[in-house]
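Colleague: Handing you this structure, nothing more for now.
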Amino acid sequence: MYFLKFDWNPVTGIDIVGNFKLHFYSLMWVFAFVAGWYIMKRIFTKEKVSLTYLDPLFIYTVLATMLGARLGHVLFYQSELITEDFFSIFLPFKFKGGFEFTGFQGLASHGAAVGIIIGMYLYRKKYNYKSLLWILDRVVISVASGAVFIRIGNFINSEIIGKVTDSSLGVRFIQDQYYKGQITQLTGIKDVQKAYEAVTNNPQFAELLEAVPYRHPAQLYEAFCYVFVFLILWYFYSKTAKKEQTGFLFGLFLILLWTIRFFIERFKEPQGDEYINWFGLNTGQWLSIPFILIGLYFMFIYKPKTATK
């Protein structure tokens, strides 16, 4: 069965001026945050919480997510940036090897998770209208929906690719196989996008296309699973009394999302230097285990000392 196999060689953004390019990956982040804002607005309205708290929550969430995700990626997968291209850690630009607008690339979900928890703690310190766990129990619903958009963005960018496969779900990631400088040299076409297009459209470069292996579309596996994480969380929130059990939704989110991440990691190529690689488990899997254990604690053991406000 080969009918599901296909070549992935998309336009990844819109050229604006010079080296500035509006990446569709960046737009996926925008969609994720906007969707999260509307979900939280619906929750606040339903529970009669003042909407004046919503915009600050949005700002804290965006900053905490981006900072946490970026720092997590650097610490867990690309620590050489600290010495080789420090300012690219915090800015959407690459400075080493020439100035280039890259957007915010290199973001780790484990770092984002830690960042969001810290961000919500700081938010709760300033806006003391509900408990920290009340906020986390509801914010994770938005986070689950946002995770779907982010993984779709990763797919558009041909990043976080899967391992080579001969299954019927294989995808050939042309732009991961050949770097920009490499593809212009191999095809003799100076325009990078046209050079990539020639690989899939011009029979003259059939050998270049054949050299690209089929891989698991691990990004789509995750996106598909995260849809169900969102739906399950929304069901427990809106259709059951579990939202009144402090920490339950937060714990359920941690268990569902990081269990999915743990198992899908086996289909992925390493995302950088594997600093943790024990007993056949990679860095992503080891980093997922503590979140799963924390989730089990909040679902089945945790009892609030005082009633949730």
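By convention here, the chains of the structure tokens are called A, B, ... in the order presented, each chain's residues are numbered starting at 1, and ligands are numbered starting at 1 in the order presented.
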Give me, as a Markdown table, each residue of region 255-303 of chain A that comes within 9 Å of region 160-167 of chain A, together with its shortest interatomic pair and the distance in Å at one decimal, counting only C-alpha atoms, with rows ordered by chain and rising residue number.
Modeller:
| residue | atom | partner | partner_atom | distance |
| --- | --- | --- | --- | --- |
| A:Glu265 | CA | A:Gly162 | CA | 8.7 |
| A:Arg266 | CA | A:Lys163 | CA | 8.4 |
| A:Phe267 | CA | A:Gly162 | CA | 5.3 |
| A:Lys268 | CA | A:Gly162 | CA | 3.9 |
| A:Glu269 | CA | A:Lys163 | CA | 5.3 |
| A:Pro270 | CA | A:Ile160 | CA | 8.1 |
| A:Gln271 | CA | A:Ile160 | CA | 6.5 |
Colleague: Excluding same-chain residues fewer than 6 positions from Leu220 (chain A), what lies within 9 Å of it counting only C-alpha atoms, as a list in words?
Modeller: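 Answer for this query is Val148, Arg151, Ile152, Asn154 and Phe155 of chain A.
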Colleague: Selected residues, C-alpha atoms, written as a short mmCIF file (atom, residue, chain, number, x, y, z; two decimals), in the first residue's frame, please.
Modeller:
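Saved as selection_11.cif:
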data_model
loop_
_atom_site.label_atom_id
_atom_site.label_comp_id
_atom_site.auth_asym_id
_atom_site.auth_seq_id
_atom_site.Cartn_x
_atom_site.Cartn_y
_atom_site.Cartn_z
CA VAL A 148 -2.13 20.91 17.33
CA ARG A 151 2.92 20.45 15.20
CA ILE A 152 1.25 21.39 11.91
CA ASN A 154 6.58 21.84 12.34
CA PHE A 155 5.31 19.77 9.42
#
Colleague: Check the smallest atom-to-atom distance from each of A:Ile292, A:Ala195, A:Met299, A:Leu249 to Trp134 (chain A) using only C-alpha atoms, then report the winner.
Modeller: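 Among the listed residues, the smallest separation from Trp134 (chain A) belongs to A:Leu249.
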Colleague: Could you pull out the strand (DSSP E) residues of region 16-214 of chain A, going by DSSP on the backbone, and write them as a list in words?
Modeller: Ile16, Val17, Phe20, Lys21, Leu22, His23, Phe93, Lys94, Glu100, Phe101, Val171, Arg172, Phe173 and Tyr214 of chain A
Colleague: Please, could you write that set of residues out with N, CA, C and O atoms as a compact mmCIF listing (two decimals), in the first residue's frame?
Modeller:
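Output saved as result-v3.txt:
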# COMPACT_ATOMS: atom_id res chain seq x y z
N ILE A 16 8.83 39.02 2.16
CA ILE A 16 8.34 40.38 2.32
C ILE A 16 9.31 41.38 1.70
O ILE A 16 9.00 42.06 0.73
N VAL A 17 10.53 41.45 2.25
CA VAL A 17 11.55 42.34 1.71
C VAL A 17 12.92 41.85 2.19
O VAL A 17 13.08 41.45 3.34
N PHE A 20 13.77 39.23 4.99
CA PHE A 20 12.61 39.08 5.87
C PHE A 20 11.55 38.23 5.19
O PHE A 20 11.11 38.52 4.07
N LYS A 21 11.13 37.18 5.88
CA LYS A 21 10.15 36.25 5.34
C LYS A 21 9.12 35.94 6.42
O LYS A 21 9.47 35.64 7.57
N LEU A 22 7.85 36.03 6.06
CA LEU A 22 6.77 35.69 6.99
C LEU A 22 6.56 34.18 6.90
O LEU A 22 6.02 33.66 5.93
N HIS A 23 7.03 33.47 7.92
CA HIS A 23 6.97 32.01 7.92
C HIS A 23 5.58 31.54 8.34
O HIS A 23 4.99 32.05 9.29
N PHE A 93 16.35 36.10 14.77
CA PHE A 93 17.36 36.31 13.73
C PHE A 93 18.53 35.37 13.94
O PHE A 93 18.84 34.98 15.07
N LYS A 94 19.19 35.03 12.85
CA LYS A 94 20.45 34.28 12.89
C LYS A 94 21.57 35.25 12.56
O LYS A 94 21.50 35.98 11.57
N GLU A 100 20.17 36.85 9.09
CA GLU A 100 18.98 36.31 8.42
C GLU A 100 17.82 36.27 9.40
O GLU A 100 17.99 35.86 10.56
N PHE A 101 16.64 36.71 8.94
CA PHE A 101 15.42 36.58 9.75
C PHE A 101 14.95 35.14 9.66
O PHE A 101 14.67 34.62 8.58
N VAL A 171 6.66 9.93 4.13
CA VAL A 171 6.71 11.23 3.46
C VAL A 171 8.17 11.55 3.15
O VAL A 171 9.05 11.32 3.97
N ARG A 172 8.40 12.08 1.95
CA ARG A 172 9.76 12.50 1.59
C ARG A 172 9.89 14.00 1.85
O ARG A 172 9.26 14.81 1.16
N PHE A 173 10.71 14.36 2.83
CA PHE A 173 10.91 15.76 3.21
C PHE A 173 12.09 16.31 2.40
O PHE A 173 13.24 16.20 2.82
N TYR A 214 11.81 7.99 2.43
CA TYR A 214 10.50 8.20 3.05
C TYR A 214 10.65 8.11 4.56
O TYR A 214 11.36 7.24 5.08
Colleague: Compile the contact shell of region 54-59 of chain A as a VMD selection string: residues with an atom at most 9 Å away, counting only C-alpha atoms, same-chain residues fewer than 6 positions apart removed.
Modeller: chain A and resid 33 36 to 37 40 to 41 44 120 123 127
